[in-house]
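Engineer: Just so it is clear, I am handing over target28.cif, which has mmCIF, C-alpha atoms.
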```
data_data
loop_
_atom_site.group_PDB
_atom_site.id
_atom_site.type_symbol
_atom_site.label_atom_id
_atom_site.label_comp_id
_atom_site.auth_asym_id
_atom_site.auth_seq_id
_atom_site.Cartn_x
_atom_site.Cartn_y
_atom_site.Cartn_z
ATOM 1 C CA MET K 100 119.316 -146.981 141.160
ATOM 2 C CA ALA K 101 120.420 -148.779 144.367
ATOM 3 C CA ALA K 102 124.038 -149.698 144.909
ATOM 4 C CA GLY K 103 123.216 -153.381 145.016
ATOM 5 C CA ASP K 104 121.609 -153.171 141.529
ATOM 6 C CA SER K 105 124.601 -151.514 139.868
ATOM 7 C CA ASP K 106 125.732 -154.804 138.346
ATOM 8 C CA GLY K 107 122.305 -155.652 137.055
ATOM 9 C CA VAL K 108 121.895 -158.555 139.485
ATOM 10 C CA ASP K 109 118.962 -158.579 141.893
ATOM 11 C CA ASP K 110 118.927 -160.493 145.164
ATOM 12 C CA VAL K 111 117.088 -163.748 144.561
ATOM 13 C CA VAL K 112 115.101 -165.123 147.478
ATOM 14 C CA PRO K 113 115.046 -168.952 147.364
ATOM 15 C CA PRO K 114 111.545 -170.406 147.316
ATOM 16 C CA LYS K 115 110.266 -172.021 150.481
ATOM 17 C CA ARG K 116 110.654 -175.784 150.333
ATOM 18 C CA GLY K 117 107.801 -178.092 151.157
ATOM 19 C CA LEU K 118 107.653 -180.502 154.051
ATOM 20 C CA THR K 119 108.100 -183.527 151.768
ATOM 21 C CA GLU K 120 111.321 -182.186 150.259
ATOM 22 C CA ARG K 121 112.748 -181.279 153.661
ATOM 23 C CA LEU K 122 111.997 -184.759 155.030
ATOM 24 C CA LYS K 123 113.572 -186.324 151.954
ATOM 25 C CA ASP K 124 116.771 -184.301 152.431
ATOM 26 C CA ALA K 125 116.873 -185.217 156.116
ATOM 27 C CA MET K 126 116.443 -188.953 155.557
ATOM 28 C CA LEU K 127 118.437 -189.448 152.354
ATOM 29 C CA LYS K 128 122.050 -188.652 151.635
ATOM 30 C CA PRO K 129 122.623 -185.813 149.154
ATOM 31 C CA ALA K 130 123.608 -186.869 145.660
ATOM 32 C CA VAL K 131 127.125 -185.396 145.483
ATOM 33 C CA GLN K 132 128.613 -188.121 143.321
ATOM 34 C CA ALA K 133 128.240 -186.057 140.149
ATOM 35 C CA GLU K 134 130.113 -183.130 141.723
ATOM 36 C CA LEU K 135 132.950 -185.278 143.044
ATOM 37 C CA GLY K 136 133.468 -187.106 139.757
ATOM 38 C CA PRO K 137 134.218 -190.765 139.052
ATOM 39 C CA GLU K 138 137.622 -190.636 140.755
ATOM 40 C CA LYS K 139 136.259 -189.274 144.052
ATOM 41 C CA PRO K 140 133.314 -191.354 145.221
ATOM 42 C CA SER K 141 131.202 -189.885 148.000
ATOM 43 C CA ASP K 142 131.352 -193.053 150.146
ATOM 44 C CA GLU K 143 134.450 -195.083 149.410
ATOM 45 C CA GLY K 144 134.742 -196.650 152.867
ATOM 46 C CA PRO K 145 138.039 -197.277 154.634
ATOM 47 C CA THR K 146 141.072 -196.801 152.401
ATOM 48 C CA THR K 147 144.126 -196.994 154.682
ATOM 49 C CA ILE K 148 145.432 -200.028 156.558
ATOM 50 C CA PRO K 149 144.454 -198.748 160.060
ATOM 51 C CA GLU K 150 140.959 -197.856 158.844
ATOM 52 C CA ILE K 151 140.442 -201.235 157.171
ATOM 53 C CA GLU K 152 141.753 -203.118 160.208
ATOM 54 C CA ALA K 153 139.358 -201.156 162.430
ATOM 55 C CA ALA K 154 136.477 -201.972 160.052
ATOM 56 C CA ILE K 155 137.395 -205.668 160.149
ATOM 57 C CA ALA K 156 137.552 -205.711 163.949
ATOM 58 C CA ARG K 157 134.158 -204.080 164.492
ATOM 59 C CA ALA K 158 130.931 -204.235 162.483
ATOM 60 C CA ASP K 159 129.341 -200.929 161.558
ATOM 61 C CA ASP K 160 126.031 -199.611 162.903
ATOM 62 C CA LYS K 161 123.990 -201.053 160.036
ATOM 63 C CA GLU K 162 125.391 -204.563 160.486
ATOM 64 C CA ARG K 163 124.913 -204.366 164.241
ATOM 65 C CA LEU K 164 121.308 -203.200 163.913
ATOM 66 C CA ILE K 165 120.429 -206.030 161.525
ATOM 67 C CA GLY K 166 121.874 -208.578 163.935
ATOM 68 C CA LEU K 167 120.044 -207.076 166.916
ATOM 69 C CA LEU K 168 116.756 -207.230 164.987
ATOM 70 C CA PHE K 169 117.231 -210.757 163.646
ATOM 71 C CA ALA K 170 118.245 -212.297 166.993
ATOM 72 C CA PRO K 171 114.931 -211.890 168.907
ATOM 73 C CA VAL K 172 113.004 -213.023 165.834
ATOM 74 C CA ALA K 173 115.226 -216.098 165.670
ATOM 75 C CA ALA K 174 114.434 -216.952 169.289
ATOM 76 C CA GLY K 175 110.701 -216.651 168.602
ATOM 77 C CA ILE K 176 110.982 -218.824 165.491
ATOM 78 C CA ALA K 177 112.874 -221.502 167.440
ATOM 79 C CA PHE K 178 110.175 -221.634 170.117
ATOM 80 C CA ILE K 179 107.240 -221.699 167.656
ATOM 81 C CA VAL K 180 108.754 -224.321 165.340
ATOM 82 C CA THR K 181 109.751 -226.601 168.216
ATOM 83 C CA ALA K 182 106.263 -226.462 169.748
ATOM 84 C CA THR K 183 104.682 -227.090 166.333
ATOM 85 C CA LEU K 184 106.852 -230.123 165.628
ATOM 86 C CA ILE K 185 106.076 -231.671 169.014
ATOM 87 C CA ASN K 186 102.328 -231.086 168.649
ATOM 88 C CA ARG K 187 102.260 -232.559 165.147
ATOM 89 C CA ASP K 188 104.354 -235.564 166.061
ATOM 90 C CA PRO K 189 102.269 -238.714 165.418
ATOM 91 C CA LYS K 190 101.869 -241.467 167.961
ATOM 92 C CA ALA K 191 104.543 -244.099 168.336
ATOM 93 C CA LYS K 192 102.092 -246.974 167.671
ATOM 94 C CA LEU K 193 99.532 -247.392 164.933
ATOM 95 C CA PRO K 194 95.994 -248.611 165.805
ATOM 96 C CA ASP K 195 96.990 -252.168 164.873
ATOM 97 C CA GLY K 196 99.926 -252.054 167.286
ATOM 98 C CA ALA K 197 102.631 -251.704 164.648
ATOM 99 C CA ALA K 198 105.406 -249.156 165.044
ATOM 100 C CA ASN K 199 104.787 -245.833 163.319
ATOM 101 C CA HIS K 200 107.793 -244.988 161.149
ATOM 102 C CA LEU K 201 106.736 -241.304 161.110
ATOM 103 C CA TYR K 202 107.113 -241.015 164.861
ATOM 104 C CA VAL K 203 110.036 -238.947 166.153
ATOM 105 C CA ASN K 204 111.145 -238.832 169.758
ATOM 106 C CA PRO K 205 110.153 -235.411 171.179
ATOM 107 C CA HIS K 206 113.550 -235.153 172.862
ATOM 108 C CA LEU K 207 115.095 -234.796 169.416
ATOM 109 C CA TYR K 208 112.878 -231.802 168.679
ATOM 110 C CA LEU K 209 113.764 -230.324 172.045
ATOM 111 C CA GLU K 210 117.465 -230.704 171.290
ATOM 112 C CA VAL K 211 117.062 -229.014 167.918
ATOM 113 C CA GLY K 212 114.990 -226.220 169.451
ATOM 114 C CA GLY K 213 117.503 -225.738 172.262
ATOM 115 C CA THR K 214 120.347 -225.551 169.763
ATOM 116 C CA ALA K 215 118.446 -222.974 167.716
ATOM 117 C CA MET K 216 117.778 -220.963 170.881
ATOM 118 C CA ILE K 217 121.474 -220.995 171.744
ATOM 119 C CA LEU K 218 122.302 -219.797 168.215
ATOM 120 C CA ALA K 219 119.787 -216.983 168.616
ATOM 121 C CA LEU K 220 121.434 -215.894 171.876
ATOM 122 C CA LEU K 221 124.866 -216.078 170.258
ATOM 123 C CA MET K 222 123.492 -213.994 167.404
ATOM 124 C CA LEU K 223 122.380 -211.317 169.860
ATOM 125 C CA ALA K 224 125.699 -211.305 171.721
ATOM 126 C CA LEU K 225 127.824 -211.184 168.557
ATOM 127 C CA ALA K 226 125.720 -208.360 167.133
ATOM 128 C CA TRP K 227 126.083 -206.458 170.403
ATOM 129 C CA TRP K 228 129.874 -206.932 170.362
ATOM 130 C CA ARG K 229 130.048 -206.114 166.613
ATOM 131 C CA LYS K 230 131.693 -209.383 165.542
ATOM 132 C CA ARG K 231 130.857 -209.483 161.856
ATOM 133 C CA LEU K 232 132.495 -212.749 160.773
ATOM 134 C CA PHE K 233 131.210 -214.887 163.644
ATOM 135 C CA LEU K 234 127.766 -213.321 163.376
ATOM 136 C CA GLY K 235 127.595 -214.374 159.730
ATOM 137 C CA ILE K 236 128.631 -217.940 160.585
ATOM 138 C CA VAL K 237 126.036 -218.217 163.367
ATOM 139 C CA MET K 238 123.273 -216.804 161.147
ATOM 140 C CA ALA K 239 124.107 -219.235 158.353
ATOM 141 C CA LEU K 240 124.084 -222.190 160.776
ATOM 142 C CA TYR K 241 120.751 -221.078 162.196
ATOM 143 C CA GLY K 242 119.269 -220.842 158.708
ATOM 144 C CA LEU K 243 120.600 -224.264 157.746
ATOM 145 C CA THR K 244 119.016 -225.753 160.869
ATOM 146 C CA PHE K 245 115.497 -224.757 159.827
ATOM 147 C CA PHE K 246 116.210 -225.365 156.152
ATOM 148 C CA ASN K 247 116.924 -229.017 156.980
ATOM 149 C CA LEU K 248 113.658 -229.144 158.934
ATOM 150 C CA HIS K 249 111.895 -228.098 155.697
ATOM 151 C CA TYR K 250 110.944 -224.692 157.112
ATOM 152 C CA TRP K 251 112.454 -222.900 154.126
ATOM 153 C CA GLY K 252 110.633 -219.650 154.784
ATOM 154 C CA PHE K 253 112.465 -219.323 158.095
ATOM 155 C CA GLY K 254 115.796 -220.742 157.006
ATOM 156 C CA ILE K 255 116.480 -218.947 153.725
ATOM 157 C CA PRO K 256 116.408 -215.352 155.128
ATOM 158 C CA TYR K 257 119.007 -216.244 157.759
ATOM 159 C CA ILE K 258 121.163 -218.057 155.228
ATOM 160 C CA LEU K 259 121.107 -214.978 152.995
ATOM 161 C CA ALA K 260 121.805 -212.633 155.903
ATOM 162 C CA GLY K 261 124.706 -214.795 157.082
ATOM 163 C CA SER K 262 126.103 -214.926 153.549
ATOM 164 C CA TRP K 263 125.872 -211.131 153.364
ATOM 165 C CA TYR K 264 127.974 -210.788 156.528
ATOM 166 C CA LEU K 265 130.525 -213.287 155.273
ATOM 167 C CA VAL K 266 130.840 -211.563 151.894
ATOM 168 C CA ARG K 267 131.401 -208.206 153.579
ATOM 169 C CA ALA K 268 134.058 -209.728 155.838
ATOM 170 C CA TYR K 269 135.750 -211.319 152.818
ATOM 171 C CA ARG K 270 135.771 -208.064 150.861
ATOM 172 C CA LEU K 271 137.338 -206.189 153.761
ATOM 173 C CA SER K 272 140.053 -208.830 154.119
ATOM 174 C CA GLU K 273 140.799 -208.630 150.403
ATOM 175 C CA LYS K 274 140.810 -204.851 150.626
ATOM 176 C CA LEU K 275 143.376 -205.060 153.424
ATOM 177 C CA LYS K 276 145.597 -207.286 151.264
ATOM 178 C CA LEU K 277 145.308 -204.803 148.424
ATOM 179 C CA ALA K 278 146.211 -201.883 150.692
ATOM 180 C CA LYS K 279 149.281 -203.707 152.026
ATOM 181 C CA ALA K 280 150.374 -204.605 148.501
ATOM 182 C CA ASN K 281 149.923 -200.993 147.392
ATOM 183 C CA GLY K 282 152.011 -199.491 150.187
ATOM 184 C CA GLY K 283 149.360 -198.597 152.757
ATOM 185 C CA THR K 284 146.330 -197.405 150.817
ATOM 186 C CA VAL K 285 143.783 -198.703 148.322
ATOM 187 C CA PRO K 286 144.195 -197.465 144.723
ATOM 188 C CA SER K 287 141.539 -195.055 143.557
ATOM 189 C CA ASP K 288 140.487 -197.265 140.634
ATOM 190 C CA SER K 289 139.846 -200.156 143.028
ATOM 191 C CA ARG K 290 137.734 -197.916 145.270
ATOM 192 C CA ASN K 291 135.428 -197.051 142.395
ATOM 193 C CA ARG K 292 134.913 -200.724 141.554
ATOM 194 C CA GLY K 293 134.545 -201.873 145.158
ATOM 195 C CA SER K 294 137.775 -203.848 144.919
ATOM 196 C CA SER K 295 137.484 -207.545 145.531
ATOM 197 C CA GLY K 296 141.186 -208.312 145.807
ATOM 198 C CA PRO K 297 144.719 -207.489 144.751
ATOM 199 C CA ARG K 298 144.160 -209.149 141.396
ATOM 200 C CA GLY K 299 141.233 -206.898 140.506
ATOM 201 C CA SER K 300 143.178 -204.842 137.993
ATOM 202 C CA SER K 301 141.448 -202.655 135.453
ATOM 203 C CA GLY K 302 144.320 -202.737 132.973
ATOM 204 C CA PRO K 303 144.006 -203.916 129.398
ATOM 205 C CA ASN K 304 143.836 -207.569 128.555
ATOM 206 C CA LYS K 305 147.340 -208.940 128.104
ATOM 207 C CA ARG K 306 146.265 -211.835 125.913
ATOM 208 C CA TYR K 307 147.315 -211.265 122.310
ATOM 209 C CA THR K 308 145.670 -212.931 119.357
ATOM 210 C CA PRO K 309 147.759 -212.686 116.174
ATOM 211 C CA PRO K 310 145.865 -211.547 113.088
ATOM 212 C CA THR K 311 144.732 -214.240 110.711
ATOM 213 C CA PRO K 312 146.605 -213.988 107.365
ATOM 214 C CA ARG K 313 144.389 -213.238 104.420
ATOM 215 C CA PRO K 314 144.338 -215.741 101.537
ATOM 216 C CA PRO K 315 146.114 -214.558 98.373
ATOM 217 C CA LYS K 316 143.930 -212.818 95.840
ATOM 218 C CA PRO K 317 143.358 -214.965 92.734
ATOM 219 C CA LYS K 318 145.071 -213.699 89.605
ATOM 220 C CA SER K 319 142.970 -212.331 86.793
ATOM 221 C CA ASP K 320 143.315 -213.362 83.124
ATOM 222 C CA GLU K 321 145.331 -210.226 82.309
ATOM 223 C CA ASP K 322 147.821 -210.960 85.099
ATOM 224 C CA ARG K 323 148.218 -214.509 83.844
ATOM 225 C CA LYS K 324 148.929 -213.328 80.276
ATOM 226 C CA ALA K 325 151.394 -210.753 81.555
ATOM 227 C CA GLY K 326 153.140 -213.408 83.623
#
```
Show how you would write the structure in this file as structure tokens.

Structural biologist:
Amino acid sequence: MAAGDSDGVDDVVPPKRGLTERLKDAMLKPAVQAELGPEKPSDEGPTTIPEIEAAIARADDKERLIGLLFAPVAAGIAFIVTATLINRDPKAKLPDGAANHLYVNPHLYLEVGGTAMILALLMLALAWWRKRLFLGIVMALYGLTFFNLHYWGFGIPYILAGSWYLVRAYRLSEKLKLAKANGGTVPSDSRNRGSSGPRGSSGPNKRYTPPTPRPPKPKSDEDRKAG
């Protein structure tokens, strides 16, 4: 018997993994949450005051990439919508010579399109400089512009994207308040919940409801005779 088999354990050669499994492991993060446990999340984000302040000052790569992708599309939408509105604008006079109340001065459309183009350029610059809060405000304003023009399919995605940036900025600011209130770091229970503020406590409910007194049991005939 070989020395390596003295303990009764043979060397196990791992099976060769397929191309699909290797690509999946390369593109997706490993699921280590079960090994770390509920108190040690695999991706808890910034937890100390310097880390949170750095995260507030600069958007991460995902937020920057979304802004860089949305900005050129926004410029294209502004150009297409402006040209469409001008081409569909009815004539100022009806055939009988009366004023057409549906007519809109093309200069107004050009002003709206120019404003949307400026917002698209600001979107690109803010995404490049990683300014999360201002990028969310600009995206929301851009979406509201086309929402008011009744182009809801173009406006709603930018309103949602801008709201997403603003919510992330708000959560980081609340996380910073919680870290300062806790002495420099975020409590572990708040990390697991994705803390939304210093008041997000997981303690028991302090409201107390006194028990309702039970009505007295009616006396039986034997108790009445004995009394």

Engineer: Show me, as a VMD selection string, the residues that have an atom within 12 Å of Lys190 of chain K when counting all atoms listed in the file, minus same-chain residues fewer than 3 positions from it.

Structural biologist: chain K and resid 185 to 187 193 to 194 196 to 205

Engineer: Tell me, in Å to one decimal, how far atom CA of Gly282 of chain K is from atom CA of Ala268 of chain K.

Structural biologist: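 Taking atom CA of Gly282 of chain K and atom CA of Ala268 of chain K, their separation equals 21.4 Å.
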
Engineer: Between K:Pro149, K:Pro171, K:Pro286, K:Gly254, which has the minimum distance to Leu220 of chain K (counting all atoms listed in the file)?

Structural biologist: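 Under the stated criterion, the closest residue is K:Pro171.
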
Engineer: Might you spell out which residues the PyMOL selection byres ((chain K and resi 235) around 7) would select in the displayed file, as a CSV table (one decimal) with C-alpha atoms, in the frame of the given file?

Structural biologist:
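Below is the file result_34.csv, written as the result:
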```
chain,number,residue,atom,x,y,z
K,231,ARG,CA,130.9,-209.5,161.9
K,232,LEU,CA,132.5,-212.7,160.8
K,233,PHE,CA,131.2,-214.9,163.6
K,234,LEU,CA,127.8,-213.3,163.4
K,236,ILE,CA,128.6,-217.9,160.6
K,237,VAL,CA,126.0,-218.2,163.4
K,238,MET,CA,123.3,-216.8,161.1
K,239,ALA,CA,124.1,-219.2,158.4
K,261,GLY,CA,124.7,-214.8,157.1
K,262,SER,CA,126.1,-214.9,153.5
K,264,TYR,CA,128.0,-210.8,156.5
K,265,LEU,CA,130.5,-213.3,155.3
```

Engineer: Find, counting only C-alpha atoms, the residue in K:Met222, K:Val266, K:Thr183, K:Ile148 that gets nearest to Ala170 of chain K.

Structural biologist: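 Under the stated criterion, the closest residue is K:Met222.
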
Engineer: Using all atoms listed in the file and a cutoff of 10 Å, can you tell me which residues are near (136.3, -206.0, 161.5) in the file's coordinates, and write them out as a VMD selection string?

Structural biologist: chain K and resid 150 to 159 229 to 232 267 to 268 271 to 272

Engineer: What is the distance between atom CA of His206 of chain K and atom CA of Thr181 of chain K, in Å to one decimal?

Structural biologist: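 Between these atoms lies a distance of 10.4 Å.
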
Engineer: Please report the interatomic distance between atom CA of Arg163 of chain K and atom CA of Trp227 of chain K in Å with one decimal.

Structural biologist: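 Between atom CA of Arg163 of chain K and atom CA of Trp227 of chain K the gap is 6.6 Å.
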
Engineer: Measuring atom to atom with all atoms listed in the file, identify which of K:Phe253, K:Tyr208, K:Phe245, K:Trp263 is nearest to Gly166 of chain K.

Structural biologist: K:Trp263

Engineer: For Val172 of chain K, which residue out of K:Gly144, K:Ala278, K:Met216, K:Leu259 is the nearest one, using all atoms listed in the file?

Structural biologist: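 Comparing K:Gly144, K:Ala278, K:Met216, K:Leu259 against Val172 of chain K, the winner is K:Met216.
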
Engineer: May I ask which of the residues K:Ala260, K:Val285, K:Leu277, K:Ile217 is the closest one to Ala174 of chain K, counting all atoms listed in the file?

Structural biologist: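 Of K:Ala260, K:Val285, K:Leu277, K:Ile217, the one nearest Ala174 of chain K, counting all atoms listed in the file, is K:Ile217.
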
Engineer: Pick the closest to Gly175 of chain K from K:Leu248, K:Glu273, K:Gly213, K:Leu207: which is it, counting only C-alpha atoms?

Structural biologist: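 Among K:Leu248, K:Glu273, K:Gly213, K:Leu207, it is K:Gly213 that comes nearest to Gly175 of chain K.
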
Engineer: Determine, counting all atoms listed in the file, which protein, DNA and RNA residues have an atom within 7 Å of an atom of Ala173 of chain K; residues of the same chain fewer than 4 positions away are not included. Present the result as a list in words.

Structural biologist: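 Counting only the stated atoms, we get Phe169, Ala177 and Ala219 of chain K.
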